[in-house]
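Heads up, the thing below is written out as structure tokens.
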Amino acid sequence: MGEPALTRKTLLRDVRGTAELVGRSVAVMTVERLREAPARTKPENHLSRDVPLRRLEGKTALVTGGSAGIGRATAEALARQGARVVILSRNRERAELAQKEIQEATGNPHVELITADLSSRTSMATAVEELRGRYPRIDVLVNNGGGAWIDGDVTSDGVERTFATHHLGHFQLTLGLLDLLGKDGGGRVINIVSPLQRSGELDFDKLRSTEGYTMARAFSTAKFAQVLFTKELSRRVGGHGVSVNALDPGPVKTDGWKHTGSKFMPALEWASRAAFSFMYHSPEHVAADILTLAASPAADGLSGEYFTEGRRVPSTAKMEDAALAARLWEESERMLGALG
Ligand SMILES: NC(=O)c1ccc[n+]([C@@H]2O[C@H](COP(=O)([O-])OP(=O)(O)OC[C@H]3O[C@@H](n4cnc5c(N)ncnc54)[C@H](OP(=O)(O)O)[C@@H]3O)[C@@H](O)[C@H]2O)c1
């Protein structure tokens with residue numbers, strides 16, 4: 001089946017959808033930069049790349065969405081550091097290509113694959129079971145996979161797709177592997193979020209439908225849920241062998257926005273990169289920050305923290321809302337349980 005034709009209706013939808021996304025991004029990033037300016041300048045808040053990183057031979061790192069973009073660069077960085085790297089993604093062919101390229105580039109043969117769909121409860125349950133059978137422990141988990149979609153959709157489990165992919169799939173994966181992560185006392189979970197999380201609003205009544213759906217709203221909400229999950233998980237297990245942090249990479253030069261289903265978005269992304277290239281990071285730059293969190297002694301003992309573009313910044317009251325985070329946890333368990 002070909003791509004749907006660009007009609008006046010889809011063009012309007014695309015323009016509206018992307019304009020909202022851009023508007024939100026500019027608003028949150030401007031406010032964020034002003035608010036965070038003092039923290040950003042403090043040297044102690046920088047993710048220092050000067051401290052020598054630990055080698056990761058004998059360690060196992062799982063990267064969701066490791067076949068492309070930030071995840072692909074992160075998988076390569078971890079493999080270069082000596083880790084056994086497991087790439088989780090849906091598209092086997094794309095993942096095999098990444099696997100081969102990473103093996104050749106790093107000389108590390110231990111790059112392995114697991115095919116699973118983060119948005120599907122059954123697929124993730126199977127993946128967790130398979131991972132538990134394959135690996136006696138997981139040392140690093142990078143919850144990175146995901147996307148954004150111009151059209152609203154609910155998964156076959158009846159959950160809004162963006163929320164299911166970014167939050168619910170990673171919630172299920174992380175909890176399913178938690179005992180393996182804490183095994184040797186040094187497990188590290190790194191959740192990749194977005195500046196847009198700051199405009200996220202959790203409306204628990206809408207997570208099972210596309211009522212009021214817009215791409216920007218769904219994406220912001222899903223990313224905000226990942227921040228609340230980071231904080232709550234850290235409150236529950238931080239200091240007990242597992243550290244959990246959120247990393248907001250800022251704008252990154254990947255093909256991520258090409259997969260939204262909007263015909264307008266790739267052109268807009270191109271224009272944005274041309275005009276604001278100074279703001280964009282390369283996936284390799286972001287991967288270096290993720291590797292620092294995963295392997296630097298300087299990150300020992302850090303948990304429940306929020307990093308923006310390589311700097312630890314203070315969380316807002318909204319991000320620290322423990323009651324909301326606890327409710328999200330319960331709702332997530334209920335959603336996964338109810339789906340079973
Ligand atoms: N690029 C940016 O400017 C930016 C900014 C802030 C935050 N982020 C976040 O960074 C993360 C990575 O983004 P990116 O730009 O690197 O995107 P990308 O290049 O499109 O890569 C996304 C990865 O996620 C995987 N994926 C997507 N849906 C999946 C699903 N349902 N199940 C399993 N894997 C899935 C994709 O593999 P398959 O398609 O093969 O499954 C791919 O490996 C995302 O969480 C994104 O929200 C990106």
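To be explicit about the labels: the chains of the structure tokens are called A, B, and onward in the order shown, and within each one the residues are counted from 1, while ligands get numbers from 1 in the order they are shown.
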So which residues are near ligand 1, meaning at most 7 Å away with only C-alpha atoms and all ligand atoms counted, given back as a PyMOL selection string? chain A and resi 64-72+88-92+94-95+116-119+144-147+165-166+192-195+248-257+259
Would you save the residues of that selection, restricted to C-alpha atoms, as a tab-separated table (two decimals), in the first residue's frame?
```tsv
chain	number	residue	atom	x	y	z
A	64	THR	CA	16.42	-0.07	23.43
A	65	GLY	CA	16.16	1.53	20.00
A	66	GLY	CA	19.82	0.64	19.49
A	67	SER	CA	19.46	0.22	15.74
A	68	ALA	CA	19.34	3.92	14.82
A	69	GLY	CA	20.09	7.46	15.96
A	70	ILE	CA	21.05	8.07	19.59
A	71	GLY	CA	20.61	4.40	20.52
A	72	ARG	CA	22.82	3.20	17.67
A	88	LEU	CA	16.45	-4.11	21.31
A	89	SER	CA	14.39	-2.96	18.33
A	90	ARG	CA	11.53	-4.11	16.11
A	91	ASN	CA	13.19	-4.24	12.73
A	92	ARG	CA	15.53	-7.23	12.57
A	94	ARG	CA	18.01	-2.73	10.46
A	95	ALA	CA	19.31	-4.11	13.76
A	116	ALA	CA	10.65	-6.71	20.40
A	117	ASP	CA	8.01	-4.02	20.15
A	118	LEU	CA	8.03	-1.63	23.10
A	119	SER	CA	4.40	-0.75	22.47
A	144	ASN	CA	15.90	5.06	24.60
A	145	GLY	CA	13.65	3.56	21.89
A	146	GLY	CA	10.63	5.44	20.65
A	147	GLY	CA	9.15	7.90	18.23
A	165	THR	CA	6.07	2.89	23.56
A	166	HIS	CA	8.02	5.40	25.64
A	192	ILE	CA	16.30	9.17	27.56
A	193	VAL	CA	13.75	11.95	27.82
A	194	SER	CA	13.21	15.25	26.01
A	195	PRO	CA	12.93	18.99	26.74
A	248	ASP	CA	17.48	14.97	28.11
A	249	PRO	CA	19.68	15.17	25.01
A	250	GLY	CA	18.24	18.42	23.61
A	251	PRO	CA	17.86	18.57	19.82
A	252	VAL	CA	19.84	15.82	18.09
A	253	LYS	CA	20.65	15.22	14.41
A	254	THR	CA	18.86	11.92	13.84
A	255	ASP	CA	16.22	10.68	11.43
A	256	GLY	CA	13.75	10.33	14.29
A	257	TRP	CA	11.38	13.05	13.05
A	259	HIS	CA	9.08	8.64	10.98
```
Atom CA of A:Thr30 sits from atom CA of A:Trp270 at a separation of 20.8 Å
(Q) Among stretch 258-318 of chain A, which residues does DSSP mark as strand (DSSP E or B) when it is run on the backbone? Keep the chain and numbering as in the structure and answer as number ranges by chain. (A) A: 281, 306-308, 311-313
For A:Pro314, the closest of A:Asp14, A:Glu96, A:Glu36, A:Glu129 counting only C-alpha atoms is A:Glu36
Margin query: Would you pick out the contacts of A:Gly337 at 12 Å or less, using only C-alpha atoms, so that residues sharing its chain but fewer than 6 positions from it are not included, and give the list as a list in words?
Written below: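 Final neighbour list, sorted by chain and number: Arg121, Thr122, Ala125, Asp157, Leu168, Gln172, Glu330 and Glu331 of chain A.
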Review point. Which neighbours of A:Ala77 fall inside 9 Å, counting only C-alpha atoms, when residues of the same chain fewer than 3 positions from it are skipped, and could you give them as number ranges by chain?
Key: A: 72-74, 80-82, 106, 284, 287-288, 290-291
DSSP-assigned alpha helix (DSSP H) among stretch 263-340 of chain A, expressed as a compact mmCIF listing (two decimals) with N, CA and C atoms, in the first residue's frame:
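See out.txt below for the written result:
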```txt
# COMPACT_ATOMS: atom_id res chain seq x y z
N MET A 265 6.87 17.39 8.28
CA MET A 265 7.86 17.38 9.37
C MET A 265 9.32 17.27 8.88
N PRO A 266 9.62 16.38 7.92
CA PRO A 266 11.02 16.28 7.48
C PRO A 266 11.54 17.61 6.91
N ALA A 267 10.68 18.32 6.18
CA ALA A 267 11.11 19.61 5.61
C ALA A 267 11.35 20.61 6.73
N LEU A 268 10.45 20.59 7.71
CA LEU A 268 10.58 21.52 8.83
C LEU A 268 11.85 21.22 9.64
N GLU A 269 12.09 19.94 9.83
CA GLU A 269 13.28 19.52 10.58
C GLU A 269 14.54 19.97 9.83
N TRP A 270 14.50 19.83 8.51
CA TRP A 270 15.63 20.25 7.70
C TRP A 270 15.88 21.75 7.86
N ALA A 271 14.78 22.53 7.78
CA ALA A 271 14.90 23.98 7.90
C ALA A 271 15.40 24.37 9.29
N SER A 272 14.88 23.67 10.29
CA SER A 272 15.28 23.97 11.66
C SER A 272 16.77 23.69 11.87
N ARG A 273 17.23 22.59 11.32
CA ARG A 273 18.65 22.26 11.45
C ARG A 273 19.53 23.26 10.72
N ALA A 274 19.01 23.73 9.55
CA ALA A 274 19.80 24.69 8.77
C ALA A 274 19.90 26.01 9.54
N ALA A 275 18.76 26.43 10.14
CA ALA A 275 18.75 27.73 10.80
C ALA A 275 19.39 27.69 12.19
N PRO A 283 24.47 12.46 17.38
CA PRO A 283 24.14 11.30 18.22
C PRO A 283 25.37 10.83 19.01
N GLU A 284 26.56 10.99 18.42
CA GLU A 284 27.79 10.54 19.10
C GLU A 284 28.06 11.40 20.35
N HIS A 285 27.75 12.69 20.25
CA HIS A 285 27.94 13.59 21.39
C HIS A 285 27.04 13.14 22.55
N VAL A 286 25.78 12.84 22.21
CA VAL A 286 24.83 12.40 23.24
C VAL A 286 25.27 11.04 23.81
N ALA A 287 25.74 10.18 22.90
CA ALA A 287 26.19 8.84 23.34
C ALA A 287 27.34 8.96 24.34
N ALA A 288 28.19 9.95 24.15
CA ALA A 288 29.32 10.13 25.07
C ALA A 288 28.81 10.51 26.47
N ASP A 289 27.74 11.32 26.51
CA ASP A 289 27.14 11.66 27.82
C ASP A 289 26.51 10.42 28.46
N ILE A 290 25.85 9.62 27.63
CA ILE A 290 25.20 8.40 28.17
C ILE A 290 26.28 7.45 28.68
N LEU A 291 27.35 7.33 27.92
CA LEU A 291 28.45 6.45 28.35
C LEU A 291 29.06 6.96 29.67
N THR A 292 29.17 8.26 29.79
CA THR A 292 29.71 8.83 31.04
C THR A 292 28.83 8.43 32.22
N LEU A 293 27.51 8.54 32.03
CA LEU A 293 26.61 8.13 33.12
C LEU A 293 26.74 6.63 33.41
N ALA A 294 27.02 5.86 32.36
CA ALA A 294 27.07 4.41 32.53
C ALA A 294 28.40 3.94 33.11
N ALA A 295 29.49 4.66 32.84
CA ALA A 295 30.80 4.09 33.15
C ALA A 295 31.74 4.99 33.95
N ALA A 322 5.81 13.43 43.92
CA ALA A 322 5.88 12.03 44.31
C ALA A 322 4.50 11.36 44.28
N ALA A 323 3.46 12.14 44.60
CA ALA A 323 2.11 11.55 44.60
C ALA A 323 1.70 11.18 43.17
N LEU A 324 2.00 12.07 42.24
CA LEU A 324 1.67 11.80 40.84
C LEU A 324 2.48 10.61 40.31
N ALA A 325 3.76 10.57 40.70
CA ALA A 325 4.62 9.48 40.24
C ALA A 325 4.14 8.14 40.80
N ALA A 326 3.69 8.14 42.05
CA ALA A 326 3.19 6.91 42.65
C ALA A 326 1.90 6.47 41.96
N ARG A 327 1.08 7.44 41.62
CA ARG A 327 -0.17 7.11 40.91
C ARG A 327 0.14 6.54 39.53
N LEU A 328 1.13 7.14 38.86
CA LEU A 328 1.52 6.65 37.54
C LEU A 328 2.00 5.20 37.64
N TRP A 329 2.76 4.93 38.68
CA TRP A 329 3.28 3.57 38.89
C TRP A 329 2.12 2.58 39.02
N GLU A 330 1.16 2.96 39.89
CA GLU A 330 -0.01 2.08 40.10
C GLU A 330 -0.81 1.89 38.82
N GLU A 331 -1.03 3.01 38.11
CA GLU A 331 -1.81 2.93 36.86
C GLU A 331 -1.08 2.07 35.83
N SER A 332 0.25 2.19 35.80
CA SER A 332 1.04 1.42 34.82
C SER A 332 0.93 -0.07 35.14
N GLU A 333 1.04 -0.39 36.43
CA GLU A 333 0.89 -1.79 36.84
C GLU A 333 -0.50 -2.30 36.48
N ARG A 334 -1.49 -1.45 36.75
CA ARG A 334 -2.87 -1.83 36.46
C ARG A 334 -3.06 -2.06 34.97
N MET A 335 -2.49 -1.15 34.16
CA MET A 335 -2.64 -1.27 32.71
C MET A 335 -1.99 -2.56 32.22
N LEU A 336 -0.81 -2.85 32.72
CA LEU A 336 -0.12 -4.07 32.28
C LEU A 336 -0.83 -5.31 32.79
N GLY A 337 -1.30 -5.22 34.04
CA GLY A 337 -2.02 -6.36 34.63
C GLY A 337 -3.32 -6.60 33.89
N ALA A 338 -4.04 -5.51 33.68
CA ALA A 338 -5.34 -5.63 33.04
C ALA A 338 -5.23 -6.13 31.62
N LEU A 339 -4.06 -5.88 31.01
CA LEU A 339 -3.90 -6.32 29.63
C LEU A 339 -3.60 -7.81 29.56
```
Skipping near chain neighbours, those fewer than 2 positions away, what residues fall within 8 Å of A:His110 using only C-alpha atoms, listed as a ChimeraX atom specification?
-> /A:79,83-85,103,108,112
For the selection just defined, write its residues with N, CA and C atoms to a file, as a PDB file, in the first residue's frame.
```pdb
ATOM      1  N   ALA A  79      29.992  -0.630  23.235  1.00  0.00           N
ATOM      2  CA  ALA A  79      30.781  -1.753  22.696  1.00  0.00           C
ATOM      3  C   ALA A  79      32.261  -1.386  22.660  1.00  0.00           C
ATOM      4  N   ALA A  83      31.863  -3.454  26.610  1.00  0.00           N
ATOM      5  CA  ALA A  83      30.665  -4.157  27.109  1.00  0.00           C
ATOM      6  C   ALA A  83      30.111  -5.143  26.084  1.00  0.00           C
ATOM      7  N   ARG A  84      29.420  -6.149  26.581  1.00  0.00           N
ATOM      8  CA  ARG A  84      28.541  -6.955  25.723  1.00  0.00           C
ATOM      9  C   ARG A  84      27.288  -6.094  25.537  1.00  0.00           C
ATOM     10  N   VAL A  85      26.937  -5.821  24.301  1.00  0.00           N
ATOM     11  CA  VAL A  85      25.820  -4.903  24.067  1.00  0.00           C
ATOM     12  C   VAL A  85      24.651  -5.649  23.423  1.00  0.00           C
ATOM     13  N   GLN A 103      30.183  -4.076  15.251  1.00  0.00           N
ATOM     14  CA  GLN A 103      31.237  -5.091  15.444  1.00  0.00           C
ATOM     15  C   GLN A 103      32.489  -4.715  14.658  1.00  0.00           C
ATOM     16  N   ASN A 108      34.593  -5.385  18.681  1.00  0.00           N
ATOM     17  CA  ASN A 108      33.948  -6.128  19.765  1.00  0.00           C
ATOM     18  C   ASN A 108      32.884  -7.061  19.156  1.00  0.00           C
ATOM     19  N   GLU A 112      24.728  -8.118  20.408  1.00  0.00           N
ATOM     20  CA  GLU A 112      23.651  -9.095  20.217  1.00  0.00           C
ATOM     21  C   GLU A 112      22.312  -8.380  20.055  1.00  0.00           C
TER      22      GLU A 112
END
```
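The two atoms in question, atom CA of A:Thr7 and atom CA of A:Gly261, are spaced 13.7 Å apart.
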inquiry  = Set the distance at 12 Å and use only C-alpha atoms: which residues neighbour A:Val15 once local chain neighbours fewer than 2 positions away are removed? I'd like the list as a ChimeraX atom specification.
reply    = /A:6,8-13,17-23,150,214-215,262-268
Restricting the output to N, CA and C atoms, write the selected residues as an mmCIF file, in the first residue's frame.
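As written to disk, out.cif reads:
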```cif
data_model
loop_
_atom_site.group_PDB
_atom_site.id
_atom_site.type_symbol
_atom_site.label_atom_id
_atom_site.label_comp_id
_atom_site.auth_asym_id
_atom_site.auth_seq_id
_atom_site.Cartn_x
_atom_site.Cartn_y
_atom_site.Cartn_z
ATOM 1 N N LEU A 6 -1.208 13.590 -0.165
ATOM 2 C CA LEU A 6 -1.205 14.821 0.623
ATOM 3 C C LEU A 6 -2.424 15.649 0.224
ATOM 4 N N ARG A 8 -5.598 18.507 1.293
ATOM 5 C CA ARG A 8 -5.656 19.748 2.068
ATOM 6 C C ARG A 8 -5.791 19.442 3.559
ATOM 7 N N LYS A 9 -6.591 18.380 3.828
ATOM 8 C CA LYS A 9 -6.841 18.020 5.230
ATOM 9 C C LYS A 9 -5.547 17.541 5.912
ATOM 10 N N THR A 10 -4.806 16.655 5.215
ATOM 11 C CA THR A 10 -3.580 16.141 5.854
ATOM 12 C C THR A 10 -2.526 17.242 5.954
ATOM 13 N N LEU A 11 -2.517 18.148 4.948
ATOM 14 C CA LEU A 11 -1.547 19.242 4.998
ATOM 15 C C LEU A 11 -1.826 20.128 6.217
ATOM 16 N N LEU A 12 -3.119 20.441 6.397
ATOM 17 C CA LEU A 12 -3.502 21.274 7.553
ATOM 18 C C LEU A 12 -3.132 20.590 8.871
ATOM 19 N N ARG A 13 -3.425 19.283 8.928
ATOM 20 C CA ARG A 13 -3.098 18.499 10.122
ATOM 21 C C ARG A 13 -1.594 18.540 10.392
ATOM 22 N N GLY A 17 0.102 20.253 13.522
ATOM 23 C CA GLY A 17 0.842 19.336 14.408
ATOM 24 C C GLY A 17 2.287 19.758 14.603
ATOM 25 N N THR A 18 2.927 20.122 13.496
ATOM 26 C CA THR A 18 4.334 20.485 13.611
ATOM 27 C C THR A 18 4.494 21.868 14.250
ATOM 28 N N ALA A 19 3.547 22.776 13.938
ATOM 29 C CA ALA A 19 3.625 24.118 14.538
ATOM 30 C C ALA A 19 3.504 24.006 16.058
ATOM 31 N N GLU A 20 2.623 23.136 16.522
ATOM 32 C CA GLU A 20 2.467 22.966 17.970
ATOM 33 C C GLU A 20 3.747 22.416 18.591
ATOM 34 N N LEU A 21 4.342 21.451 17.887
ATOM 35 C CA LEU A 21 5.578 20.847 18.388
ATOM 36 C C LEU A 21 6.699 21.886 18.479
ATOM 37 N N VAL A 22 6.822 22.676 17.427
ATOM 38 C CA VAL A 22 7.875 23.690 17.404
ATOM 39 C C VAL A 22 7.604 24.739 18.485
ATOM 40 N N GLY A 23 6.345 25.182 18.568
ATOM 41 C CA GLY A 23 5.981 26.181 19.572
ATOM 42 C C GLY A 23 6.321 25.707 20.976
ATOM 43 N N ILE A 150 2.199 11.726 13.985
ATOM 44 C CA ILE A 150 1.276 12.825 13.703
ATOM 45 C C ILE A 150 -0.178 12.395 13.922
ATOM 46 N N THR A 214 -2.805 15.209 20.066
ATOM 47 C CA THR A 214 -1.905 15.885 19.121
ATOM 48 C C THR A 214 -0.537 15.254 19.351
ATOM 49 N N MET A 215 0.310 15.291 18.320
ATOM 50 C CA MET A 215 1.629 14.660 18.431
ATOM 51 C C MET A 215 2.432 15.272 19.589
ATOM 52 N N SER A 262 4.187 12.484 9.109
ATOM 53 C CA SER A 262 3.850 13.792 8.554
ATOM 54 C C SER A 262 4.740 14.073 7.354
ATOM 55 N N LYS A 263 4.132 14.528 6.277
ATOM 56 C CA LYS A 263 4.924 14.845 5.091
ATOM 57 C C LYS A 263 5.639 16.181 5.265
ATOM 58 N N PHE A 264 5.167 16.974 6.181
ATOM 59 C CA PHE A 264 5.669 18.320 6.389
ATOM 60 C C PHE A 264 6.876 18.329 7.334
ATOM 61 N N MET A 265 6.873 17.388 8.278
ATOM 62 C CA MET A 265 7.857 17.377 9.366
ATOM 63 C C MET A 265 9.315 17.268 8.880
ATOM 64 N N PRO A 266 9.624 16.376 7.918
ATOM 65 C CA PRO A 266 11.017 16.278 7.479
ATOM 66 C C PRO A 266 11.536 17.609 6.914
ATOM 67 N N ALA A 267 10.683 18.325 6.176
ATOM 68 C CA ALA A 267 11.108 19.608 5.613
ATOM 69 C C ALA A 267 11.346 20.614 6.730
ATOM 70 N N LEU A 268 10.447 20.595 7.713
ATOM 71 C CA LEU A 268 10.583 21.524 8.828
ATOM 72 C C LEU A 268 11.846 21.223 9.636
#
```
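Of the residues under consideration (A:Gly176, A:Ser315, A:Leu78, A:His167), A:Gly176 shows the shortest atom-to-atom contact distance to A:Ala127 when counting only C-alpha atoms.
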